[in-house]
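Shown next: start-v7.csv, containing CSV, C-alpha atoms.
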chain,number,residue,atom,x,y,z
G,1,MET,CA,26.5,-80.7,-131.3
G,2,ASN,CA,23.0,-80.3,-132.4
G,3,SER,CA,21.7,-83.0,-130.1
G,4,ARG,CA,23.6,-81.4,-127.2
G,5,LEU,CA,22.0,-78.1,-127.9
G,6,THR,CA,18.5,-79.7,-128.0
G,7,LEU,CA,19.3,-81.4,-124.7
G,8,SER,CA,20.3,-78.2,-123.0
G,9,THR,CA,17.3,-76.5,-124.4
G,10,ILE,CA,15.0,-79.1,-122.9
G,11,LEU,CA,16.9,-79.0,-119.6
G,12,GLY,CA,16.7,-75.2,-119.5
G,13,ALA,CA,13.0,-75.2,-120.3
G,14,GLY,CA,12.4,-77.8,-117.6
G,15,ILE,CA,14.3,-75.8,-115.0
G,16,LEU,CA,12.3,-72.6,-116.0
G,17,ALA,CA,9.0,-74.5,-115.8
G,18,ALA,CA,10.0,-75.9,-112.4
G,19,ALA,CA,11.0,-72.5,-111.2
G,20,ALA,CA,7.7,-71.0,-112.4
G,21,ILE,CA,5.7,-73.7,-110.6
G,22,GLY,CA,7.9,-73.4,-107.5
G,23,VAL,CA,7.2,-69.6,-107.3
G,24,GLY,CA,3.5,-70.3,-107.4
G,25,SER,CA,3.5,-72.9,-104.7
G,26,ALA,CA,6.4,-71.6,-102.5
G,27,ALA,CA,4.0,-71.0,-99.6
G,28,ALA,CA,2.3,-74.3,-100.1
G,29,HIS,CA,3.4,-76.7,-97.4
G,30,HIS,CA,0.8,-79.2,-98.3
G,31,ALA,CA,-2.2,-79.1,-100.7
G,32,PHE,CA,-5.4,-77.5,-99.6
G,33,SER,CA,-7.5,-80.4,-100.9
G,34,ALA,CA,-5.6,-83.0,-98.8
G,35,GLU,CA,-7.2,-81.7,-95.7
G,36,PHE,CA,-10.0,-79.1,-96.5
G,37,ASP,CA,-13.2,-79.2,-98.4
G,38,GLY,CA,-13.5,-76.3,-100.9
G,39,LYS,CA,-17.2,-77.0,-101.1
G,40,SER,CA,-17.8,-76.5,-97.4
G,41,PRO,CA,-17.4,-72.8,-96.7
G,42,VAL,CA,-17.8,-71.7,-93.1
G,43,LEU,CA,-18.4,-68.2,-91.6
G,44,LEU,CA,-17.3,-68.2,-88.0
G,45,ARG,CA,-18.0,-65.3,-85.6
G,46,GLY,CA,-16.7,-65.5,-82.1
G,47,LYS,CA,-14.1,-64.5,-79.5
G,48,VAL,CA,-10.5,-65.7,-79.8
G,49,THR,CA,-9.7,-68.2,-77.1
G,50,LYS,CA,-6.1,-69.0,-78.0
G,51,VAL,CA,-3.7,-68.3,-80.8
G,52,GLU,CA,-0.8,-70.7,-81.6
G,53,TRP,CA,1.9,-68.6,-83.3
G,54,ILE,CA,3.7,-71.6,-84.8
G,55,ASN,CA,5.3,-72.7,-88.0
G,56,PRO,CA,4.4,-73.7,-90.6
G,57,HIS,CA,0.8,-72.7,-89.8
G,58,ALA,CA,-0.5,-70.5,-87.1
G,59,TRP,CA,-3.8,-71.7,-85.5
G,60,VAL,CA,-6.5,-69.4,-84.2
G,61,HIS,CA,-8.9,-70.9,-81.7
G,62,LEU,CA,-12.4,-69.5,-81.2
G,63,ASN,CA,-15.8,-70.5,-80.0
G,64,ALA,CA,-18.2,-70.1,-82.8
G,65,ALA,CA,-21.3,-71.6,-84.3
G,66,GLY,CA,-20.7,-74.0,-87.1
G,67,PRO,CA,-22.9,-74.8,-90.1
G,68,ASP,CA,-25.3,-76.7,-87.8
G,69,GLY,CA,-25.7,-73.7,-85.5
G,70,LYS,CA,-24.1,-75.4,-82.5
G,71,VAL,CA,-21.4,-73.3,-80.8
G,72,GLU,CA,-18.2,-75.3,-80.6
G,73,GLU,CA,-14.5,-74.8,-80.4
G,74,TRP,CA,-13.0,-74.2,-83.8
G,75,MET,CA,-9.3,-74.1,-84.7
G,76,VAL,CA,-8.6,-72.2,-87.9
G,77,GLU,CA,-5.4,-72.7,-89.9
G,78,GLY,CA,-3.6,-69.5,-91.1
G,79,GLY,CA,-0.3,-68.8,-92.8
G,80,THR,CA,3.0,-68.7,-91.1
G,81,PRO,CA,3.6,-66.2,-88.2
G,82,ASN,CA,5.8,-64.3,-90.7
G,83,THR,CA,3.1,-64.2,-93.4
G,84,LEU,CA,0.5,-63.0,-90.9
G,85,LEU,CA,2.8,-60.3,-89.4
G,86,ARG,CA,3.4,-58.9,-92.9
G,87,ALA,CA,-0.4,-59.0,-93.5
G,88,GLY,CA,-0.9,-57.0,-90.4
G,89,VAL,CA,-2.0,-59.7,-88.0
G,90,ASP,CA,0.2,-60.1,-84.9
G,91,LYS,CA,0.1,-60.7,-81.2
G,92,ASN,CA,-1.2,-57.2,-80.5
G,93,THR,CA,-4.1,-57.2,-83.0
G,94,LEU,CA,-5.2,-60.8,-82.5
G,95,LYS,CA,-5.4,-61.3,-78.8
G,96,VAL,CA,-7.5,-63.7,-76.6
G,97,GLY,CA,-10.9,-62.1,-76.3
G,98,THR,CA,-10.9,-60.3,-79.6
G,99,GLU,CA,-14.2,-60.8,-81.4
G,100,ILE,CA,-13.5,-61.8,-85.0
G,101,ILE,CA,-15.2,-63.1,-88.1
G,102,VAL,CA,-13.4,-65.7,-90.1
G,103,ARG,CA,-14.2,-66.9,-93.5
G,104,GLY,CA,-12.8,-70.3,-94.4
G,105,TYR,CA,-13.4,-73.9,-95.4
G,106,GLN,CA,-14.1,-76.8,-93.0
G,107,SER,CA,-11.8,-79.9,-92.8
G,108,LYS,CA,-12.9,-82.7,-95.1
G,109,ASP,CA,-13.6,-85.1,-92.2
G,110,LYS,CA,-16.0,-82.6,-90.5
G,111,ALA,CA,-15.5,-84.8,-87.5
G,112,CYS,CA,-15.0,-81.9,-85.0
G,113,THR,CA,-12.8,-84.4,-83.0
G,114,PRO,CA,-11.1,-83.3,-80.9
G,115,VAL,CA,-12.2,-79.8,-82.1
G,116,CYS,CA,-13.6,-78.5,-85.4
G,117,LYS,CA,-11.0,-77.5,-87.9
G,118,ALA,CA,-11.1,-75.1,-90.8
G,119,ASN,CA,-8.7,-73.4,-93.2
G,120,GLY,CA,-8.9,-69.7,-92.7
G,121,ARG,CA,-9.2,-67.3,-95.7
G,122,ASP,CA,-9.8,-63.9,-94.2
G,123,VAL,CA,-10.4,-62.5,-90.8
G,124,THR,CA,-12.4,-59.4,-90.0
G,125,PHE,CA,-11.5,-57.4,-86.9
G,126,PRO,CA,-13.8,-55.4,-84.6
G,127,ASP,CA,-12.8,-52.1,-86.4
G,128,GLY,CA,-13.9,-53.6,-89.7
G,129,ARG,CA,-10.4,-54.3,-91.0
G,130,LYS,CA,-10.4,-57.4,-93.2
G,131,VAL,CA,-7.1,-59.2,-93.7
G,132,PHE,CA,-6.2,-62.3,-95.8
G,133,MET,CA,-4.9,-64.8,-93.2
G,134,GLY,CA,-4.2,-67.9,-95.4
G,135,SER,CA,-1.4,-69.2,-97.6
G,136,SER,CA,-1.2,-68.4,-101.3
G,137,GLY,CA,-0.9,-71.1,-103.9
G,138,THR,CA,-2.2,-74.0,-101.9
G,139,GLY,CA,-5.0,-74.8,-104.4
G,140,ALA,CA,-7.7,-73.3,-102.2
G,141,PRO,CA,-10.8,-72.0,-104.1
G,142,LYS,CA,-10.2,-68.6,-105.8
G,143,ASP,CA,-12.9,-66.8,-103.7
G,144,GLY,CA,-11.3,-63.4,-103.9
G,145,SER,CA,-10.0,-63.4,-100.4
G,146,ASP,CA,-6.4,-63.8,-101.5
G,147,PRO,CA,-5.0,-60.6,-102.9
G,148,GLY,CA,-2.2,-62.7,-104.5
G,149,ASP,CA,-4.7,-64.7,-106.6
G,150,LYS,CA,-4.5,-64.0,-110.4
G,151,GLN,CA,-7.8,-64.0,-112.0
K,1,MET,CA,10.5,-92.5,-70.5
K,2,ILE,CA,11.3,-91.2,-73.9
K,3,ARG,CA,8.1,-89.1,-74.0
K,4,GLU,CA,8.9,-87.5,-70.6
K,5,ALA,CA,12.3,-86.4,-71.9
K,6,LEU,CA,10.7,-85.0,-75.0
K,7,VAL,CA,8.1,-83.1,-72.9
K,8,TRP,CA,10.9,-81.5,-71.0
K,9,LEU,CA,12.8,-80.7,-74.2
K,10,GLN,CA,9.7,-79.1,-75.7
K,11,THR,CA,8.3,-77.2,-72.7
K,12,SER,CA,11.0,-76.7,-70.1
K,13,LEU,CA,14.5,-76.5,-71.6
K,14,GLY,CA,15.7,-72.8,-71.8
K,15,LYS,CA,12.5,-71.4,-70.3
K,16,GLY,CA,12.9,-68.2,-68.3
K,17,THR,CA,10.5,-66.7,-65.8
K,18,GLY,CA,7.5,-64.4,-66.5
K,19,ASP,CA,4.1,-64.8,-68.2
K,20,THR,CA,5.4,-64.8,-71.8
K,21,ALA,CA,8.5,-67.0,-71.2
K,22,GLN,CA,9.1,-69.6,-73.8
K,23,SER,CA,11.3,-72.6,-73.9
K,24,TRP,CA,13.9,-72.8,-76.7
K,25,SER,CA,11.8,-75.3,-78.5
K,26,GLU,CA,8.7,-73.0,-78.4
K,27,ALA,CA,10.7,-70.0,-79.5
K,28,LEU,CA,12.1,-71.9,-82.5
K,29,LEU,CA,8.7,-73.1,-83.5
K,30,GLY,CA,7.3,-69.6,-83.3
K,31,SER,CA,10.2,-67.9,-85.0
K,32,LEU,CA,9.6,-65.5,-87.8
K,33,ASN,CA,12.4,-66.7,-90.1
K,34,PHE,CA,14.6,-69.4,-88.6
K,35,TRP,CA,12.2,-72.3,-88.7
K,36,GLY,CA,11.4,-71.7,-92.4
K,37,LEU,CA,15.1,-71.4,-93.1
K,38,LEU,CA,15.8,-74.7,-91.4
K,39,GLU,CA,13.0,-76.4,-93.3
K,40,GLY,CA,14.1,-74.9,-96.6
K,41,THR,CA,17.7,-76.0,-96.0
K,42,HIS,CA,16.6,-79.5,-95.1
K,43,LEU,CA,14.6,-79.9,-98.3
K,44,ILE,CA,17.2,-78.3,-100.6
K,45,THR,CA,20.0,-80.4,-99.1
K,46,LEU,CA,17.9,-83.5,-99.6
K,47,VAL,CA,18.3,-82.9,-103.4
K,48,LEU,CA,22.1,-82.9,-103.0
K,49,PHE,CA,22.1,-86.0,-100.8
K,50,ALA,CA,19.6,-88.1,-102.7
K,51,GLY,CA,20.8,-87.0,-106.1
K,52,THR,CA,24.4,-88.0,-105.4
K,53,ILE,CA,23.7,-91.2,-103.6
K,54,PHE,CA,21.5,-92.3,-106.5
K,55,VAL,CA,24.3,-91.7,-109.0
K,56,VAL,CA,26.5,-94.2,-107.0
K,57,ASP,CA,23.7,-96.7,-106.7
K,58,LEU,CA,22.9,-96.5,-110.4
K,59,ARG,CA,26.6,-97.2,-111.1
K,60,LEU,CA,26.6,-100.2,-108.8
K,61,LEU,CA,23.5,-101.4,-110.7
K,62,GLY,CA,25.4,-101.1,-114.0
K,63,LEU,CA,23.0,-98.5,-115.3
K,64,THR,CA,25.2,-95.3,-115.5
K,65,PHE,CA,28.9,-94.5,-116.1
K,66,ARG,CA,29.5,-98.2,-117.0
K,67,LYS,CA,33.0,-97.4,-118.4
K,68,THR,CA,34.1,-95.6,-115.3
K,69,PRO,CA,35.4,-97.7,-112.4
K,70,VAL,CA,33.1,-97.8,-109.4
K,71,SER,CA,35.9,-96.4,-107.1
K,72,VAL,CA,36.3,-93.3,-109.4
K,73,VAL,CA,32.6,-92.6,-109.3
K,74,SER,CA,32.3,-93.0,-105.6
K,75,ASP,CA,35.5,-91.2,-104.7
K,76,LYS,CA,34.3,-88.2,-106.7
K,77,ILE,CA,30.7,-88.2,-105.6
K,78,LEU,CA,30.4,-89.6,-102.1
K,79,PRO,CA,32.1,-86.6,-100.4
K,80,LEU,CA,29.2,-84.5,-101.7
K,81,THR,CA,26.7,-87.1,-100.3
K,82,VAL,CA,28.4,-87.1,-96.9
K,83,ALA,CA,28.3,-83.3,-96.8
K,84,GLY,CA,24.6,-83.4,-97.6
K,85,PHE,CA,24.0,-86.0,-95.0
K,86,VAL,CA,25.7,-83.9,-92.3
K,87,ILE,CA,23.5,-80.9,-93.1
K,88,LEU,CA,20.4,-83.0,-93.3
K,89,ILE,CA,21.0,-84.5,-89.8
K,90,ALA,CA,21.8,-81.1,-88.3
K,91,THR,CA,18.7,-79.4,-89.8
K,92,GLY,CA,16.6,-82.5,-89.1
K,93,LEU,CA,17.6,-82.6,-85.5
K,94,ALA,CA,16.8,-78.9,-85.1
K,95,LEU,CA,13.4,-79.3,-86.8
K,96,PHE,CA,12.7,-82.3,-84.5
K,97,PHE,CA,13.6,-80.1,-81.5
K,98,ALA,CA,11.0,-77.5,-82.6
K,99,LYS,CA,8.1,-80.0,-82.0
K,100,PRO,CA,9.4,-83.3,-80.5
K,101,LEU,CA,6.0,-84.5,-79.3
K,102,VAL,CA,4.3,-84.0,-82.7
K,103,TYR,CA,6.9,-86.2,-84.4
K,104,TYR,CA,7.0,-88.7,-81.5
K,105,HIS,CA,3.3,-89.4,-82.0
K,106,ASN,CA,3.5,-89.3,-85.9
K,107,ILE,CA,3.3,-92.6,-87.7
K,108,TRP,CA,5.1,-91.2,-90.8
K,109,PHE,CA,8.0,-90.0,-88.7
K,110,ARG,CA,8.3,-93.3,-86.9
K,111,ALA,CA,8.2,-95.1,-90.3
K,112,LYS,CA,10.9,-92.7,-91.6
K,113,LEU,CA,13.2,-93.6,-88.7
K,114,VAL,CA,12.7,-97.3,-89.3
K,115,PHE,CA,13.7,-96.9,-93.0
K,116,LEU,CA,16.6,-94.6,-92.0
K,117,VAL,CA,17.9,-97.3,-89.7
K,118,LEU,CA,17.6,-99.9,-92.5
K,119,ALA,CA,19.4,-97.6,-94.9
K,120,MET,CA,22.2,-97.1,-92.5
K,121,LEU,CA,22.5,-100.8,-91.8
K,122,ASN,CA,22.7,-101.4,-95.6
K,123,ILE,CA,25.6,-98.9,-95.7
K,124,VAL,CA,27.4,-100.8,-92.9
K,125,ILE,CA,26.9,-104.1,-94.6
K,126,PHE,CA,28.1,-102.7,-97.9
K,127,HIS,CA,31.3,-101.3,-96.4
K,128,THR,CA,32.1,-104.3,-94.2
K,129,ARG,CA,31.0,-107.2,-96.5
K,130,VAL,CA,30.3,-106.2,-100.1
K,131,GLN,CA,33.3,-103.9,-100.6
K,132,ASN,CA,35.8,-106.5,-99.3
K,133,ASN,CA,36.7,-107.7,-102.8
K,134,GLN,CA,35.9,-104.5,-104.6
K,135,ALA,CA,39.3,-104.6,-106.4
K,136,ALA,CA,38.0,-107.7,-108.3
K,137,TRP,CA,34.9,-106.0,-109.7
K,138,ASP,CA,35.8,-102.3,-109.6
K,139,THR,CA,36.1,-101.9,-113.4
K,140,LEU,CA,33.3,-104.3,-114.4
K,141,GLU,CA,30.4,-102.7,-116.2
K,142,LEU,CA,28.0,-104.8,-114.3
K,143,PRO,CA,29.1,-105.3,-110.6
K,144,PRO,CA,28.4,-108.6,-108.9
K,145,ARG,CA,25.0,-109.5,-107.5
K,146,GLY,CA,25.9,-108.6,-103.9
K,147,ALA,CA,26.8,-105.0,-104.9
K,148,ARG,CA,23.7,-104.7,-107.0
K,149,ILE,CA,21.5,-105.9,-104.2
K,150,ALA,CA,23.1,-103.4,-101.8
K,151,ALA,CA,22.5,-100.6,-104.4
K,152,MET,CA,18.9,-101.7,-104.9
K,153,LEU,CA,18.3,-101.7,-101.1
K,154,SER,CA,19.9,-98.3,-100.8
K,155,LEU,CA,17.7,-96.8,-103.5
K,156,LEU,CA,14.6,-98.3,-102.0
K,157,SER,CA,15.2,-97.4,-98.4
K,158,TRP,CA,16.2,-93.8,-99.2
K,159,LEU,CA,13.2,-93.3,-101.4
K,160,LEU,CA,11.0,-94.6,-98.6
K,161,VAL,CA,12.8,-92.4,-96.0
K,162,ILE,CA,12.0,-89.4,-98.3
K,163,ALA,CA,8.4,-90.5,-99.0
K,164,MET,CA,7.6,-91.0,-95.3
K,165,GLY,CA,9.2,-87.6,-94.5
K,166,ARG,CA,6.9,-86.0,-97.1
K,167,PHE,CA,3.8,-87.4,-95.4
K,168,ILE,CA,4.7,-86.1,-92.0
K,169,PRO,CA,2.8,-82.8,-92.3
K,170,TYR,CA,-0.5,-84.4,-93.4
K,171,ASN,CA,-3.0,-84.6,-90.6
K,172,TRP,CA,-4.9,-87.8,-91.7
K,173,PHE,CA,-3.6,-89.8,-88.7
K,174,ASP,CA,-3.3,-87.1,-86.0
K,175,CYS,CA,-3.8,-88.4,-82.5
K,176,GLY,CA,-7.2,-87.4,-81.2
K,177,LYS,CA,-8.9,-87.9,-84.5
K,178,PRO,CA,-10.9,-91.1,-85.1
K,179,ILE,CA,-8.2,-93.3,-86.7
K,180,PRO,CA,-7.8,-97.1,-86.9
K,181,HIS,CA,-6.9,-98.7,-83.6
K,182,ILE,CA,-3.7,-100.1,-85.0
K,183,VAL,CA,-2.5,-96.6,-85.9
K,184,ASN,CA,-3.3,-95.4,-82.4
K,185,VAL,CA,-1.2,-98.2,-81.0
K,186,MET,CA,1.7,-97.6,-83.5
K,187,GLN,CA,2.0,-93.9,-82.7
K,188,ASP,CA,1.2,-94.3,-79.0
K,189,CYS,CA,-1.7,-91.9,-79.0
K,190,LYS,CA,-2.9,-93.0,-75.6
K,191,THR,CA,-0.1,-91.1,-73.9
K,192,SER,CA,-0.5,-88.0,-76.2
K,193,GLU,CA,-2.3,-84.9,-75.1
K,194,GLN,CA,-5.0,-85.4,-77.7
K,195,GLY,CA,-5.6,-89.0,-76.6
K,196,ALA,CA,-6.6,-92.0,-78.7
K,197,VAL,CA,-9.9,-92.3,-80.5
K,198,ASP,CA,-10.5,-95.6,-82.3
K,199,LYS,CA,-12.3,-95.3,-85.6
K,200,GLU,CA,-13.8,-98.7,-85.0
K,201,ASP,CA,-15.5,-97.4,-81.8
K,202,MET,CA,-16.7,-94.2,-83.5
K,203,ALA,CA,-18.2,-96.2,-86.4
K,204,LYS,CA,-20.4,-98.2,-83.9
K,205,LEU,CA,-21.6,-95.0,-82.2
K,206,GLY,CA,-21.7,-93.0,-85.4
K,207,VAL,CA,-24.7,-94.9,-86.9
K,208,ALA,CA,-27.0,-93.3,-84.3
K,209,LYS,CA,-25.3,-89.9,-84.3
K,210,GLN,CA,-25.3,-89.5,-88.0
K,211,GLY,CA,-29.0,-90.4,-88.2
K,212,GLY,CA,-29.9,-87.6,-85.8
K,213,GLN,CA,-28.0,-84.9,-87.5
K,214,ALA,CA,-28.8,-83.6,-90.9
K,215,ARG,CA,-25.5,-82.4,-92.3
Translate the structure described by the file into structure tokens.
Amino acid sequence: MNSRLTLSTILGAGILAAAAIGVGSAAAHHAFSAEFDGKSPVLLRGKVTKVEWINPHAWVHLNAAGPDGKVEEWMVEGGTPNTLLRAGVDKNTLKVGTEIIVRGYQSKDKACTPVCKANGRDVTFPDGRKVFMGSSGTGAPKDGSDPGDKQ
Amino acid sequence: MIREALVWLQTSLGKGTGDTAQSWSEALLGSLNFWGLLEGTHLITLVLFAGTIFVVDLRLLGLTFRKTPVSVVSDKILPLTVAGFVILIATGLALFFAKPLVYYHNIWFRAKLVFLVLAMLNIVIFHTRVQNNQAAWDTLELPPRGARIAAMLSLLSWLLVIAMGRFIPYNWFDCGKPIPHIVNVMQDCKTSEQGAVDKEDMAKLGVAKQGGQAR
């Protein structure tokens, strides 16, 4: 009886721990560090050329100057269309031609082949509105852009 | 041939008229809730499927439920496995339908299909050959070598199917990126929209390029 109790306690604790971890990473489709470099922040300012409203990550394309000052096409990974909609980013606010400023982190390979890639953290609209555009709990640097981050 | 069919599936099927018209595939990929529901169901059902098939495999290996006849274990458990499999195939097909070209040119997806076929072949061989004399070893704690090999192959191939599936979302080998020539060939990047860029070629050019840019 005693050993059975212990076993169910361990099992229960395990399930709770798993649930706690699961809640934290529910939005994480894959880890930030697998593709992006937390030590390579980028600040991109430019006009939106295309937005792919797709799952599991929306992609915002814009022409912007990278860290080396050269203007190139960038594609910036955001959250799911659903996450973005709830954050206040949708097809009406983020249109082709909108001038935006995106803070994010460049891809690890920095190859810019076929285009430069970055993970988006927040986006600033022409009216000054600043919105978190990423996914929570992916292991991205805690830079204050994610309102869901616990300090 | 296959690719053309997938292009049609992704971009044409169900597409209406008008500037914002989307094909069914595009609508599913851009959906606010449905795609996530499919992916979630696929992954949660995987737990049911793999968890139950592993119990049967472990019994065949003589590692669990040794005192219970194999037939009792499999009769109780395999219906759950089959239910899981049906849901996995249905949600898997729907997820494939959302971006057929991405998966077509994805090395992990291709590897997953190979191991899936191997796993299914193993099932067929198990049912048609190994199980022929099951009455003779049904109650043995340690089933004969043939049954144990089949169980081992089952465990291995399903674990590989799962592992390959898990790697699909990672972009390390996306077409259009400088990747090894062999990978470009294996996922047929040449016909993809992003094209094929051989890492070997880039490395030759890269020496001069890297020297000129201070990054």
Identify, on the basis of only C-alpha atoms, every residue whose closest approach to K:Thr91 does not exceed 12 Å; exclude the query and any residue fewer than 6 positions from it along the same chain; express the result as an MDAnalysis selection string. chainID K and resid 34:46 84:85 97:98
Give me, as a Markdown table, each residue of chain K that comes within 7 Å of chain G, together with its shortest interatomic pair and the distance in Å at one decimal, counting all atoms listed in the file, with rows ordered by chain and rising residue number.
| residue | atom | partner | partner_atom | distance |
| --- | --- | --- | --- | --- |
| K:Leu29 | CA | G:Ile54 | CA | 5.4 |
| K:Gly30 | CA | G:Ile54 | CA | 4.4 |
| K:Leu32 | CA | G:Asn82 | CA | 4.9 |
| K:Trp35 | CA | G:Asn55 | CA | 6.9 |
| K:Gly176 | CA | G:Pro114 | CA | 5.7 |
| K:Lys177 | CA | G:Thr113 | CA | 5.5 |
Keeping only C-alpha atoms, write the selected residues as a PDB file, keeping the file's coordinate frame.
ATOM      1  CA  LEU K  29       8.700 -73.100 -83.500  1.00  0.00           C
ATOM      2  CA  GLY K  30       7.300 -69.600 -83.300  1.00  0.00           C
ATOM      3  CA  LEU K  32       9.600 -65.500 -87.800  1.00  0.00           C
ATOM      4  CA  TRP K  35      12.200 -72.300 -88.700  1.00  0.00           C
ATOM      5  CA  GLY K 176      -7.200 -87.400 -81.200  1.00  0.00           C
ATOM      6  CA  LYS K 177      -8.900 -87.900 -84.500  1.00  0.00           C
TER       7      LYS K 177
END
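Those residues positioned at most 12 Å from (26.4, -89.5, -111.9) are Leu48, Ala50, Gly51, Thr52, Ile53, Phe54, Val55, Val56, Asp57, Leu58, Arg59, Leu60, Gly62, Leu63, Thr64, Phe65, Arg66, Thr68, Val70, Val72, Val73, Ser74, Asp75, Lys76, Ile77, Leu78, Leu80 and Thr81 of chain K, judged using all atoms listed in the file.
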Skipping near chain neighbours, those fewer than 5 positions away, what residues fall within 10 Å of K:Gln134 using only C-alpha atoms, listed as a PDB file with C-alpha atoms, in the frame of the given file?
ATOM      1  CA  VAL K  70      33.100 -97.800-109.400  1.00  0.00           C
ATOM      2  CA  SER K  71      35.900 -96.400-107.100  1.00  0.00           C
ATOM      3  CA  HIS K 127      31.300-101.300 -96.400  1.00  0.00           C
ATOM      4  CA  ARG K 129      31.000-107.200 -96.500  1.00  0.00           C
ATOM      5  CA  THR K 139      36.100-101.900-113.400  1.00  0.00           C
ATOM      6  CA  PRO K 143      29.100-105.300-110.600  1.00  0.00           C
ATOM      7  CA  PRO K 144      28.400-108.600-108.900  1.00  0.00           C
ATOM      8  CA  ALA K 147      26.800-105.000-104.900  1.00  0.00           C
TER       9      ALA K 147
END
Just to confirm, what's the straight-line distance from atom CA of G:Asp146 to atom CA of G:Lys108 in Å (one decimal)?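 Spanning atom CA of G:Asp146 to atom CA of G:Lys108 is a straight-line distance of 21.0 Å.
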For atom CA of G:Phe132 and atom CA of G:Val71, determine how far apart the two atoms are, in Å to one decimal place. 24.0 Å
One-decimal distance in Å that lies between atom CA of K:Tyr104 and atom CA of K:Val7: 10.3 Å
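Minimum atom-to-atom distance to K:Ile2, evaluated using all atoms listed in the file, belongs to K:His105 out of K:His105, K:Arg166, K:Lys112, K:Arg145.
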Need the shell around G:Val102: protein/DNA/RNA residues with any atom at most 7 Å away, counting all atoms listed in the file. Skip same-chain ones fewer than 4 positions apart. Format as a PyMOL selection string? chain G and resi 43-45+120+122-124
Please write the residues from the selection above to a file, keeping C-alpha atoms, as a CSV table (one decimal), keeping the file's coordinate frame.
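File produced: part_7.csv:
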chain,number,residue,atom,x,y,z
G,43,LEU,CA,-18.4,-68.2,-91.6
G,44,LEU,CA,-17.3,-68.2,-88.0
G,45,ARG,CA,-18.0,-65.3,-85.6
G,120,GLY,CA,-8.9,-69.7,-92.7
G,122,ASP,CA,-9.8,-63.9,-94.2
G,123,VAL,CA,-10.4,-62.5,-90.8
G,124,THR,CA,-12.4,-59.4,-90.0
Taking only C-alpha atoms into account, name the residue in G:Phe36, G:Thr49, G:Gly78, G:Cys116 that is nearest to G:Ser136. G:Gly78
Could you give me, as an mmCIF file with C-alpha atoms, in the frame of the given file, the residues within 9 Å of G:Val96, counting only C-alpha atoms and dropping anything in the same chain fewer than 5 positions from it?
data_model
loop_
_atom_site.group_PDB
_atom_site.id
_atom_site.type_symbol
_atom_site.label_atom_id
_atom_site.label_comp_id
_atom_site.auth_asym_id
_atom_site.auth_seq_id
_atom_site.Cartn_x
_atom_site.Cartn_y
_atom_site.Cartn_z
ATOM 1 C CA LYS G 47 -14.100 -64.500 -79.500
ATOM 2 C CA VAL G 48 -10.500 -65.700 -79.800
ATOM 3 C CA THR G 49 -9.700 -68.200 -77.100
ATOM 4 C CA LYS G 50 -6.100 -69.000 -78.000
ATOM 5 C CA VAL G 51 -3.700 -68.300 -80.800
ATOM 6 C CA HIS G 61 -8.900 -70.900 -81.700
ATOM 7 C CA LEU G 62 -12.400 -69.500 -81.200
#
Centre and size of axis-aligned box enclosing stretch 130-146 of chain G plus 8 Å each side, as AutoDock Vina command-line options:
--center_x -6.9 --center_y -66.1 --center_z -99.5 --size_x 28.0 --size_y 33.4 --size_z 28.6
Of the candidates G:Glu99, G:Glu72, G:Glu77, G:Asp143, which shows the shortest atom-to-atom distance to G:Val60, using all atoms listed in the file?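 Answer, going by the shortest atom-to-atom distance: G:Glu77.
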